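Structure data follow from structure_38.cif (mmCIF, C-alpha atoms):
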data_query
loop_
_atom_site.label_atom_id
_atom_site.label_comp_id
_atom_site.auth_asym_id
_atom_site.auth_seq_id
_atom_site.Cartn_x
_atom_site.Cartn_y
_atom_site.Cartn_z
CA MET A 1 233.48 -13.08 80.94
CA ARG A 2 236.09 -15.48 79.70
CA ILE A 3 238.31 -14.54 76.76
CA ARG A 4 240.12 -16.85 74.36
CA LEU A 5 242.50 -15.95 71.51
CA HIS A 6 242.63 -17.91 68.26
CA ARG A 7 245.50 -17.16 65.88
CA TYR A 8 245.28 -18.23 62.24
CA ARG A 9 247.42 -18.06 59.11
CA LEU A 10 244.97 -18.06 56.21
CA PRO A 11 246.20 -18.44 52.60
CA THR A 12 244.83 -16.01 50.04
CA ARG A 13 243.10 -17.21 46.88
CA TYR A 14 245.73 -15.39 44.80
CA PRO A 15 248.74 -13.33 45.82
CA PHE A 16 246.89 -10.15 46.79
CA SER A 17 248.75 -7.04 45.65
CA ILE A 18 248.07 -3.37 46.18
CA ALA A 19 250.33 -0.41 45.47
CA ARG A 20 252.39 -0.89 48.62
CA GLY A 21 252.85 -4.66 48.80
CA THR A 22 251.69 -8.25 48.29
CA THR A 23 250.08 -10.72 50.69
CA THR A 24 249.90 -14.50 50.26
CA ILE A 25 249.19 -15.47 53.88
CA GLN A 26 246.84 -13.40 56.04
CA ALA A 27 247.63 -13.68 59.73
CA THR A 28 244.61 -12.92 61.86
CA LEU A 29 243.50 -13.01 65.48
CA ILE A 30 239.98 -14.05 66.43
CA VAL A 31 238.87 -13.09 69.92
CA GLU A 32 236.23 -15.18 71.66
CA LEU A 33 234.25 -13.74 74.56
CA GLU A 34 232.23 -16.26 76.56
CA GLN A 35 229.56 -15.53 79.13
CA ASP A 36 227.01 -17.97 80.57
CA GLY A 37 228.09 -20.62 78.10
CA VAL A 38 227.53 -18.37 75.05
CA SER A 39 230.42 -17.22 72.81
CA GLY A 40 230.79 -14.17 70.60
CA TYR A 41 233.59 -13.57 68.11
CA GLY A 42 235.53 -10.55 66.85
CA GLU A 43 238.60 -10.23 64.66
CA ALA A 44 241.77 -8.20 64.18
CA THR A 45 243.94 -8.95 61.17
CA ASP A 46 247.67 -8.31 60.87
CA VAL A 47 248.03 -4.89 59.18
CA PRO A 48 251.55 -3.56 59.87
CA PHE A 49 250.84 -0.37 57.85
CA TYR A 50 248.64 0.75 60.77
CA GLY A 51 250.86 -0.78 63.46
CA ALA A 52 248.29 -3.55 63.95
CA THR A 53 250.50 -6.61 64.22
CA ILE A 54 249.09 -9.73 65.83
CA ASP A 55 251.75 -9.67 68.52
CA ALA A 56 250.93 -6.06 69.40
CA THR A 57 247.21 -6.82 69.55
CA VAL A 58 247.76 -9.88 71.77
CA ALA A 59 250.01 -7.85 74.08
CA ALA A 60 247.35 -5.14 74.39
CA LEU A 61 244.65 -7.70 75.19
CA ARG A 62 246.87 -9.30 77.81
CA ARG A 63 247.23 -5.92 79.53
CA ALA A 64 243.44 -5.60 79.63
CA GLY A 65 242.83 -9.22 80.63
CA VAL A 66 241.93 -8.63 84.27
CA GLU A 67 239.37 -5.92 83.42
CA ILE A 68 237.84 -8.05 80.66
CA ARG A 69 237.40 -11.05 82.93
CA ARG A 70 235.78 -8.89 85.62
CA TYR A 71 233.21 -7.49 83.20
CA ARG A 72 229.65 -8.78 82.88
CA LEU A 73 228.21 -7.82 79.53
CA ARG A 74 224.90 -5.99 79.44
CA GLU A 75 225.20 -3.62 76.48
CA PRO A 76 228.11 -3.84 74.00
CA GLY A 77 228.53 -0.12 73.44
CA GLU A 78 229.10 0.42 77.14
CA PHE A 79 231.64 -2.40 77.19
CA GLY A 80 233.39 -0.99 74.11
CA GLU A 81 233.76 2.42 75.69
CA SER A 82 235.20 0.98 78.91
CA MET A 83 237.73 -1.06 76.90
CA ARG A 84 238.59 1.97 74.74
CA ALA A 85 239.93 3.79 77.78
CA ILE A 86 242.19 0.85 78.62
CA LEU A 87 243.26 0.05 75.03
CA SER A 88 243.71 3.57 73.65
CA ASP A 89 246.96 2.54 71.93
CA SER A 90 245.42 -0.44 70.08
CA PRO A 91 242.37 0.17 67.85
CA ALA A 92 242.81 -3.40 66.58
CA ALA A 93 242.31 -4.83 70.08
CA GLN A 94 239.36 -2.46 70.59
CA CYS A 95 237.86 -3.70 67.32
CA ALA A 96 238.15 -7.39 68.13
CA LEU A 97 236.60 -6.93 71.58
CA ASP A 98 233.86 -4.57 70.43
CA CYS A 99 232.72 -6.86 67.60
CA ALA A 100 232.91 -9.94 69.82
CA ALA A 101 230.75 -8.14 72.38
CA TYR A 102 228.09 -7.33 69.77
CA ASP A 103 228.08 -10.93 68.54
CA LEU A 104 227.78 -12.18 72.13
CA TRP A 105 225.06 -9.64 72.96
CA GLY A 106 222.95 -10.62 69.96
CA LYS A 107 223.28 -14.31 70.77
CA MET A 108 222.27 -13.65 74.38
CA GLN A 109 219.32 -11.56 73.17
CA GLN A 110 218.48 -14.29 70.64
CA ALA A 111 218.36 -11.88 67.71
CA PRO A 112 220.65 -10.67 64.92
CA VAL A 113 222.52 -7.44 65.62
CA TRP A 114 220.97 -5.71 62.60
CA LYS A 115 217.51 -6.48 64.00
CA LEU A 116 218.39 -5.21 67.47
CA TRP A 117 219.50 -1.97 65.79
CA GLY A 118 216.16 -1.69 63.96
CA LEU A 119 217.68 -2.15 60.49
CA ASN A 120 216.33 -4.02 57.46
CA PRO A 121 218.67 -6.25 55.38
CA ALA A 122 216.55 -5.45 52.33
CA ASP A 123 218.11 -1.97 52.47
CA ALA A 124 221.67 -3.33 52.26
CA CYS A 125 223.80 -2.05 49.41
CA PRO A 126 225.83 -4.62 47.43
CA THR A 127 229.51 -5.18 48.06
CA ASP A 128 232.14 -4.99 45.37
CA TYR A 129 234.65 -7.73 44.57
CA THR A 130 238.28 -6.61 44.54
CA ILE A 131 240.73 -7.32 41.73
CA GLY A 132 244.26 -6.98 43.12
CA ILE A 133 247.18 -5.74 41.04
CA ASP A 134 248.68 -8.44 38.82
CA ALA A 135 249.53 -9.12 35.21
CA VAL A 136 246.60 -7.89 33.12
CA ASP A 137 245.62 -11.39 31.95
CA VAL A 138 245.58 -12.60 35.58
CA MET A 139 243.41 -9.64 36.61
CA VAL A 140 240.98 -10.59 33.82
CA GLN A 141 241.02 -14.18 35.09
CA LYS A 142 240.22 -13.01 38.63
CA LEU A 143 237.24 -11.03 37.33
CA GLN A 144 235.96 -13.98 35.30
CA GLU A 145 236.09 -16.28 38.34
CA PHE A 146 233.46 -14.05 40.00
CA PRO A 147 231.10 -13.24 37.12
CA GLY A 148 227.90 -11.28 37.40
CA TRP A 149 228.89 -8.99 40.26
CA PRO A 150 227.38 -5.51 40.01
CA VAL A 151 230.58 -3.76 41.13
CA TYR A 152 234.30 -4.56 40.99
CA LYS A 153 236.98 -2.66 42.84
CA ILE A 154 240.17 -2.40 40.80
CA LYS A 155 243.44 -1.87 42.62
CA LEU A 156 245.72 0.52 40.74
CA GLY A 157 249.04 2.26 41.31
CA THR A 158 251.09 0.91 38.40
CA ASP A 159 252.68 2.51 35.36
CA HIS A 160 249.88 1.11 33.16
CA ASP A 161 246.73 1.86 35.14
CA LEU A 162 244.58 2.99 32.22
CA ALA A 163 245.54 -0.11 30.21
CA ILE A 164 244.30 -2.28 33.09
CA ILE A 165 240.92 -0.57 33.14
CA ARG A 166 240.58 -0.79 29.37
CA ALA A 167 241.35 -4.51 29.40
CA LEU A 168 238.92 -5.30 32.22
CA ARG A 169 236.16 -3.21 30.65
CA GLU A 170 236.21 -5.55 27.64
CA HIS A 171 234.97 -8.38 29.86
CA THR A 172 232.17 -6.81 31.91
CA ASP A 173 229.59 -4.03 31.93
CA ALA A 174 229.69 -3.81 35.73
CA VAL A 175 230.46 -0.64 37.64
CA PHE A 176 234.14 -0.14 38.48
CA ARG A 177 235.62 1.45 41.58
CA VAL A 178 239.28 2.38 41.58
CA ASP A 179 241.60 2.30 44.59
CA ALA A 180 245.12 3.66 44.19
CA ASN A 181 246.14 3.25 47.86
CA CYS A 182 248.02 6.59 47.96
CA ALA A 183 250.17 5.71 44.92
CA TRP A 184 249.54 8.74 42.69
CA THR A 185 250.85 12.27 42.75
CA ALA A 186 248.33 15.10 42.56
CA GLU A 187 249.20 15.66 38.89
CA GLN A 188 248.78 11.97 38.07
CA ALA A 189 245.50 11.86 39.96
CA VAL A 190 243.99 14.80 38.06
CA GLU A 191 245.03 13.24 34.74
CA ASN A 192 243.99 9.68 35.66
CA VAL A 193 240.59 10.54 37.09
CA SER A 194 239.59 12.38 33.92
CA ALA A 195 240.83 9.49 31.77
CA LEU A 196 238.99 6.88 33.86
CA GLU A 197 235.57 8.54 33.84
CA PRO A 198 234.50 7.22 30.38
CA TYR A 199 235.15 3.62 31.47
CA GLY A 200 232.28 3.38 33.93
CA VAL A 201 234.29 4.21 37.03
CA GLU A 202 231.99 5.19 39.89
CA LEU A 203 234.54 6.62 42.34
CA VAL A 204 238.24 6.81 43.16
CA GLU A 205 239.50 5.83 46.58
CA GLN A 206 242.48 7.50 48.31
CA PRO A 207 244.62 8.44 45.29
CA LEU A 208 247.09 10.57 47.29
CA PRO A 209 249.02 10.11 50.54
CA PRO A 210 247.19 11.45 53.60
CA ASP A 211 249.71 14.23 54.15
CA ASP A 212 249.13 15.76 50.69
CA ARG A 213 246.25 17.94 51.79
CA ARG A 214 246.97 20.63 49.20
CA GLY A 215 246.88 18.05 46.42
CA MET A 216 243.63 16.59 47.72
CA ALA A 217 241.99 20.01 47.85
CA TRP A 218 242.98 20.61 44.22
CA LEU A 219 241.77 17.17 43.13
CA ARG A 220 238.45 17.54 44.95
CA ALA A 221 237.83 20.84 43.18
CA VAL A 222 238.44 19.51 39.65
CA SER A 223 237.58 15.80 39.77
CA PRO A 224 234.56 14.65 37.73
CA LEU A 225 234.33 11.59 40.03
CA PRO A 226 233.76 11.34 43.79
CA ILE A 227 236.98 10.93 45.78
CA ILE A 228 236.68 8.70 48.85
CA ALA A 229 239.03 8.83 51.85
CA ASP A 230 240.54 5.60 53.17
CA GLU A 231 244.02 6.03 54.64
CA SER A 232 243.03 9.62 55.48
CA CYS A 233 240.10 8.42 57.59
CA ARG A 234 241.06 6.30 60.57
CA PHE A 235 239.41 7.65 63.70
CA GLU A 236 236.24 9.53 64.59
CA GLY A 237 238.01 12.89 64.58
CA ASP A 238 239.10 12.38 60.98
CA VAL A 239 235.54 12.62 59.65
CA GLU A 240 235.43 16.41 60.09
CA ARG A 241 238.81 16.86 58.37
CA CYS A 242 237.82 14.59 55.49
CA ALA A 243 234.71 16.68 54.80
CA LEU A 244 236.98 19.46 53.50
CA LEU A 245 238.95 17.23 51.10
CA PHE A 246 236.74 14.31 50.01
CA GLN A 247 233.19 13.53 48.95
CA GLY A 248 233.05 10.42 51.12
CA ILE A 249 234.84 8.21 53.61
CA ASN A 250 235.71 4.52 53.88
CA ILE A 251 235.33 3.32 57.47
CA LYS A 252 237.15 0.15 58.49
CA LEU A 253 236.45 -1.43 61.85
CA LEU A 254 240.09 -2.29 62.49
CA LYS A 255 241.14 1.33 61.97
CA CYS A 256 238.48 3.00 64.12
CA GLY A 257 238.06 0.42 66.88
CA GLY A 258 234.92 -1.55 66.03
CA LEU A 259 231.19 -1.20 65.47
CA THR A 260 230.55 1.30 68.25
CA PRO A 261 232.74 4.11 66.82
CA ALA A 262 231.86 3.11 63.24
CA ARG A 263 228.18 3.85 63.87
CA ARG A 264 229.05 7.27 65.29
CA MET A 265 231.27 7.98 62.27
CA ILE A 266 228.42 7.10 59.92
CA GLY A 267 226.11 9.47 61.77
CA ARG A 268 228.60 12.33 61.68
CA ALA A 269 229.38 11.75 58.00
CA ARG A 270 225.68 12.02 57.19
CA GLN A 271 225.47 15.32 59.07
CA LEU A 272 228.37 16.63 56.95
CA GLY A 273 226.90 15.43 53.65
CA LEU A 274 229.56 12.78 53.06
CA ARG A 275 228.96 9.48 51.30
CA VAL A 276 229.79 6.43 53.39
CA MET A 277 231.56 3.20 52.57
CA VAL A 278 232.51 0.45 54.98
CA GLY A 279 235.52 -1.55 53.86
CA CYS A 280 237.68 -4.35 55.12
CA PHE A 281 241.12 -5.82 55.16
CA THR A 282 241.41 -9.50 54.24
CA GLU A 283 239.33 -10.62 57.19
CA SER A 284 237.70 -13.99 57.64
CA SER A 285 233.93 -14.25 57.88
CA VAL A 286 234.18 -13.18 61.53
CA GLY A 287 235.24 -9.63 60.68
CA ILE A 288 233.12 -9.47 57.53
CA SER A 289 229.95 -10.61 59.34
CA ALA A 290 230.41 -7.91 61.96
CA ALA A 291 230.84 -5.18 59.35
CA ALA A 292 227.88 -6.54 57.35
CA GLN A 293 225.54 -5.55 60.19
CA LEU A 294 226.09 -1.95 59.01
CA LEU A 295 225.18 -2.55 55.35
CA PRO A 296 221.68 -0.98 55.46
CA LEU A 297 223.28 2.32 56.58
CA LEU A 298 225.76 2.63 53.69
CA ASP A 299 226.12 4.02 50.19
CA TYR A 300 228.96 1.66 49.24
CA ALA A 301 230.41 -1.56 50.64
CA ASP A 302 233.77 -3.26 50.16
CA LEU A 303 233.28 -6.39 52.27
CA ASP A 304 234.78 -9.12 50.11
CA GLY A 305 237.70 -9.96 52.42
CA ALA A 306 236.67 -13.56 53.10
CA LEU A 307 236.18 -14.15 49.37
CA LEU A 308 239.84 -13.27 48.80
CA LEU A 309 240.90 -16.14 51.09
CA ALA A 310 241.52 -19.70 49.95
CA GLU A 311 240.50 -20.91 53.41
CA ASP A 312 238.08 -19.22 55.82
CA ALA A 313 238.20 -19.51 59.60
CA ALA A 314 234.45 -19.17 60.16
CA ASP A 315 230.96 -19.24 58.74
CA GLY A 316 228.67 -16.23 58.81
CA VAL A 317 227.35 -13.65 56.36
CA TRP A 318 228.20 -14.53 52.76
CA PHE A 319 227.67 -12.81 49.41
CA ASP A 320 225.88 -13.95 46.27
CA ARG A 321 226.99 -11.74 43.37
CA GLY A 322 227.44 -8.84 45.72
CA ARG A 323 224.27 -9.24 47.75
CA ALA A 324 224.59 -10.08 51.44
CA CYS A 325 223.07 -13.35 52.61
CA TYR A 326 222.46 -13.27 56.35
CA PRO A 327 222.38 -16.68 58.06
CA PRO A 328 219.40 -17.62 60.24
CA ALA A 329 221.51 -17.03 63.33
CA ASP A 330 221.74 -14.56 66.18
CA GLY A 331 224.40 -11.93 66.89
CA CYS A 332 226.59 -11.33 63.86
CA GLY A 333 225.87 -14.91 62.79
CA THR A 334 229.40 -16.27 63.16
CA THR A 335 230.65 -19.71 64.12
CA LEU A 336 234.26 -20.88 63.97
CA ARG A 337 235.15 -23.74 61.67
CA PRO A 338 236.88 -26.64 63.42
CA GLY A 339 240.04 -28.34 62.23
CA LEU A 340 242.05 -25.46 60.78
CA ALA A 341 245.75 -25.09 61.62
CA HIS A 342 246.38 -22.43 64.28
CA LEU A 343 249.41 -20.75 65.72
CA GLU A 344 247.60 -20.71 69.07
CA ASP A 345 244.23 -22.28 69.76
CA GLY A 346 241.89 -21.72 72.64
CA LEU A 347 244.30 -19.78 74.88
CA ASP A 348 242.97 -17.50 77.54
CA LEU A 349 244.96 -14.42 78.50
CA ASP A 350 246.84 -16.28 81.19
CA GLY A 351 248.14 -18.69 78.54
CA ASN A 352 246.15 -21.68 79.82
CA ALA A 353 244.50 -24.14 77.46
#
Structure rendered as structure tokens:
Amino acid sequence: MRIRLHRYRLPTRYPFSIARGTTTIQATLIVELEQDGVSGYGEATDVPFYGATIDATVAALRRAGVEIRRYRLREPGEFGESMRAILSDSPAAQCALDCAAYDLWGKMQQAPVWKLWGLNPADACPTDYTIGIDAVDVMVQKLQEFPGWPVYKIKLGTDHDLAIIRALREHTDAVFRVDANCAWTAEQAVENVSALEPYGVELVEQPLPPDDRRGMAWLRAVSPLPIIADESCRFEGDVERCALLFQGINIKLLKCGGLTPARRMIGRARQLGLRVMVGCFTESSVGISAAAQLLPLLDYADLDGALLLAEDAADGVWFDRGRACYPPADGCGTTLRPGLAHLEDGLDLDGNA
């Protein structure tokens, strides 16, 4: 196989704020694997919170370059496992390679990945659309720019969280999901969850820091709403631990290392009676299209990353009022858009054009 790295700086539609910071430019790395003249694409965004910087991901891929170029793809899961042993310190690099391998495999098999897995897109759950933290009137404006969605995810973690929910509820009857990104204390979480329930909130995602296990156990016992793990659920081994503290988990491909481990995590979560969400960072349509192959297996989806961008790097799966629209294309359905500004374009791991 041949491997190329494409680095982008993609502007967001609005400054995107959560409890721990604001993003206006999303740096991302798209990995292209080519075999027999066919290319597949995977993605790893810049997420310093998890140590997934673009520079660190590129460095990890460079270390694995010789093994990647020697490989001849037959089955993507096998390839992903072989790369996992080499890239154990970089789930982001694992993710980009694993998803690119699935996209390449589907294109070589001349079928969509979901079809090769025996899934039916008609079973796909809808995705939410995320409203990042901002002035309340701006949050209302964001909601009104995407009308008619069945579910909105509301980022919280301010000193006026309930006022935000009240204001947004005046403008839609849609289901709300709340994500506090670890910003609450256990006492605040118990109080806030009870106050939010009457406003059509379906679930609350990661209200407490991952190390507050005692607080999570208390909240799980008293909460009238399901509590979903995000920052507490990164790798496959976390699923068992989360079963004691949460009613569900949010799997993100960048955190766990791609589609191969994500499918195992979904299977284990089902065995433990957990609800399953697959989420995203602010990926382009490359990362979103890969994750969208899993939609028929899920209870909840948060795959609006490309919609939060002012400029996308690719075409692929898109969403119409929350419902996934799969292109008539093979693999994960992704193609890169030409003509966007890159930091690096079309470089192989030896640095040659």
Give me the residues within 8 Å of range 8-14 of chain A as a CSV table (one decimal) with C-alpha atoms, in the coordinates of the input, counting all atoms listed in the file and dropping any in the same chain fewer than 2 places off.
chain,number,residue,atom,x,y,z
A,6,HIS,CA,242.6,-17.9,68.3
A,16,PHE,CA,246.9,-10.2,46.8
A,23,THR,CA,250.1,-10.7,50.7
A,24,THR,CA,249.9,-14.5,50.3
A,25,ILE,CA,249.2,-15.5,53.9
A,26,GLN,CA,246.8,-13.4,56.0
A,27,ALA,CA,247.6,-13.7,59.7
A,28,THR,CA,244.6,-12.9,61.9
A,29,LEU,CA,243.5,-13.0,65.5
A,30,ILE,CA,240.0,-14.0,66.4
A,307,LEU,CA,236.2,-14.2,49.4
A,308,LEU,CA,239.8,-13.3,48.8
A,309,LEU,CA,240.9,-16.1,51.1
A,310,ALA,CA,241.5,-19.7,50.0
A,311,GLU,CA,240.5,-20.9,53.4
A,312,ASP,CA,238.1,-19.2,55.8
A,313,ALA,CA,238.2,-19.5,59.6
A,341,ALA,CA,245.8,-25.1,61.6
A,342,HIS,CA,246.4,-22.4,64.3
A,343,LEU,CA,249.4,-20.8,65.7
A,344,GLU,CA,247.6,-20.7,69.1
For this session: Please provide as a VMD selection string all residues within 10 Å of range 325-335 of chain A, with the sequence filter that same-chain residues fewer than 4 positions apart are discarded (counting only C-alpha atoms).
Result: chain A and resid 39 to 42 99 to 116 121 285 to 293 313 to 320
Resulting file, chosen residues, C-alpha atoms, as a PDB file, in the frame of the given file:
ATOM      1  CA  SER A  39     230.420 -17.220  72.810  1.00  0.00           C
ATOM      2  CA  GLY A  40     230.790 -14.170  70.600  1.00  0.00           C
ATOM      3  CA  TYR A  41     233.590 -13.570  68.110  1.00  0.00           C
ATOM      4  CA  GLY A  42     235.530 -10.550  66.850  1.00  0.00           C
ATOM      5  CA  CYS A  99     232.720  -6.860  67.600  1.00  0.00           C
ATOM      6  CA  ALA A 100     232.910  -9.940  69.820  1.00  0.00           C
ATOM      7  CA  ALA A 101     230.750  -8.140  72.380  1.00  0.00           C
ATOM      8  CA  TYR A 102     228.090  -7.330  69.770  1.00  0.00           C
ATOM      9  CA  ASP A 103     228.080 -10.930  68.540  1.00  0.00           C
ATOM     10  CA  LEU A 104     227.780 -12.180  72.130  1.00  0.00           C
ATOM     11  CA  TRP A 105     225.060  -9.640  72.960  1.00  0.00           C
ATOM     12  CA  GLY A 106     222.950 -10.620  69.960  1.00  0.00           C
ATOM     13  CA  LYS A 107     223.280 -14.310  70.770  1.00  0.00           C
ATOM     14  CA  MET A 108     222.270 -13.650  74.380  1.00  0.00           C
ATOM     15  CA  GLN A 109     219.320 -11.560  73.170  1.00  0.00           C
ATOM     16  CA  GLN A 110     218.480 -14.290  70.640  1.00  0.00           C
ATOM     17  CA  ALA A 111     218.360 -11.880  67.710  1.00  0.00           C
ATOM     18  CA  PRO A 112     220.650 -10.670  64.920  1.00  0.00           C
ATOM     19  CA  VAL A 113     222.520  -7.440  65.620  1.00  0.00           C
ATOM     20  CA  TRP A 114     220.970  -5.710  62.600  1.00  0.00           C
ATOM     21  CA  LYS A 115     217.510  -6.480  64.000  1.00  0.00           C
ATOM     22  CA  LEU A 116     218.390  -5.210  67.470  1.00  0.00           C
ATOM     23  CA  PRO A 121     218.670  -6.250  55.380  1.00  0.00           C
ATOM     24  CA  SER A 285     233.930 -14.250  57.880  1.00  0.00           C
ATOM     25  CA  VAL A 286     234.180 -13.180  61.530  1.00  0.00           C
ATOM     26  CA  GLY A 287     235.240  -9.630  60.680  1.00  0.00           C
ATOM     27  CA  ILE A 288     233.120  -9.470  57.530  1.00  0.00           C
ATOM     28  CA  SER A 289     229.950 -10.610  59.340  1.00  0.00           C
ATOM     29  CA  ALA A 290     230.410  -7.910  61.960  1.00  0.00           C
ATOM     30  CA  ALA A 291     230.840  -5.180  59.350  1.00  0.00           C
ATOM     31  CA  ALA A 292     227.880  -6.540  57.350  1.00  0.00           C
ATOM     32  CA  GLN A 293     225.540  -5.550  60.190  1.00  0.00           C
ATOM     33  CA  ALA A 313     238.200 -19.510  59.600  1.00  0.00           C
ATOM     34  CA  ALA A 314     234.450 -19.170  60.160  1.00  0.00           C
ATOM     35  CA  ASP A 315     230.960 -19.240  58.740  1.00  0.00           C
ATOM     36  CA  GLY A 316     228.670 -16.230  58.810  1.00  0.00           C
ATOM     37  CA  VAL A 317     227.350 -13.650  56.360  1.00  0.00           C
ATOM     38  CA  TRP A 318     228.200 -14.530  52.760  1.00  0.00           C
ATOM     39  CA  PHE A 319     227.670 -12.810  49.410  1.00  0.00           C
ATOM     40  CA  ASP A 320     225.880 -13.950  46.270  1.00  0.00           C
TER      41      ASP A 320
END
For this session: Output the residue selection produced by the PyMOL selection byres ((chain A and resi 19) around 7) on the file above, formatted as number ranges by chain.
Result: A: 17-18, 20-21, 156-157, 180-181, 183
Selection export as a CSV table (one decimal), in the coordinates of the input, atoms kept: C-alpha atoms:
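Written output follows (part-v2.csv):
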chain,number,residue,atom,x,y,z
A,17,SER,CA,248.8,-7.0,45.6
A,18,ILE,CA,248.1,-3.4,46.2
A,20,ARG,CA,252.4,-0.9,48.6
A,21,GLY,CA,252.8,-4.7,48.8
A,156,LEU,CA,245.7,0.5,40.7
A,157,GLY,CA,249.0,2.3,41.3
A,180,ALA,CA,245.1,3.7,44.2
A,181,ASN,CA,246.1,3.2,47.9
A,183,ALA,CA,250.2,5.7,44.9
Problem set entry | Pick from A:Ala135, A:Ile154, A:Ile68, A:Leu274, whichever lies nearest to Glu32 in chain A using all atoms listed in the file | A:Ile68
Problem set entry | Residues selected by the PyMOL selection byres ((chain A and resi 237) around 12), written as a list in words | Ser232, Cys233, Arg234, Phe235, Glu236, Asp238, Val239, Glu240, Arg241, Cys242, Ala243, Cys256, Pro261, Ala262, Arg264, Met265, Arg268 and Ala269 of chain A
For this session: Name the residues that the PyMOL selection byres ((chain A and resi 254) around 12) pulls out of this structure, and write them as a ChimeraX atom specification.
Result: /A:28-29,42-53,57,90-99,233-235,250-253,255-262,278-283,287-288,290-291
Exercise. Once you count only C-alpha atoms, which residues end up no further than 6 Å from (234.8, -6.1, 42.9) in the file's frame, shown as a PyMOL selection string?
Worked result: chain A and resi 128-130+151-153
Written file, previous selection with C-alpha atoms, as an mmCIF file, in the coordinates of the input:
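Result written to out.cif:
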data_model
loop_
_atom_site.group_PDB
_atom_site.id
_atom_site.type_symbol
_atom_site.label_atom_id
_atom_site.label_comp_id
_atom_site.auth_asym_id
_atom_site.auth_seq_id
_atom_site.Cartn_x
_atom_site.Cartn_y
_atom_site.Cartn_z
ATOM 1 C CA ASP A 128 232.140 -4.990 45.370
ATOM 2 C CA TYR A 129 234.650 -7.730 44.570
ATOM 3 C CA THR A 130 238.280 -6.610 44.540
ATOM 4 C CA VAL A 151 230.580 -3.760 41.130
ATOM 5 C CA TYR A 152 234.300 -4.560 40.990
ATOM 6 C CA LYS A 153 236.980 -2.660 42.840
#
Exercise. Interatomic distance between CA of Glu202 in chain A and CA of Pro15 in chain A?
Worked result: 25.7 Å
Seminar exercise, completed: CA of Ala59 in chain A to CA of Leu87 in chain A measures 10.4 Å
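Candidate residues A:Leu168, A:Leu295, A:Ala221, A:Val201 were compared for distance to Gln144 in chain A, and the nearest is A:Leu168, using only C-alpha atoms.
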Problem set entry | d(CA of Ser194 in chain A, CA of Pro224 in chain A) in Å |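 Interatomic distance, CA of Ser194 in chain A to CA of Pro224 in chain A: 6.7 Å.
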Exercise. Counting only C-alpha atoms, what is within 9 Å of Ser223 in chain A, bar same-chain residues fewer than 6 positions away, as an NGL selection string?
Worked result: :A and (189-190 or 193-194)
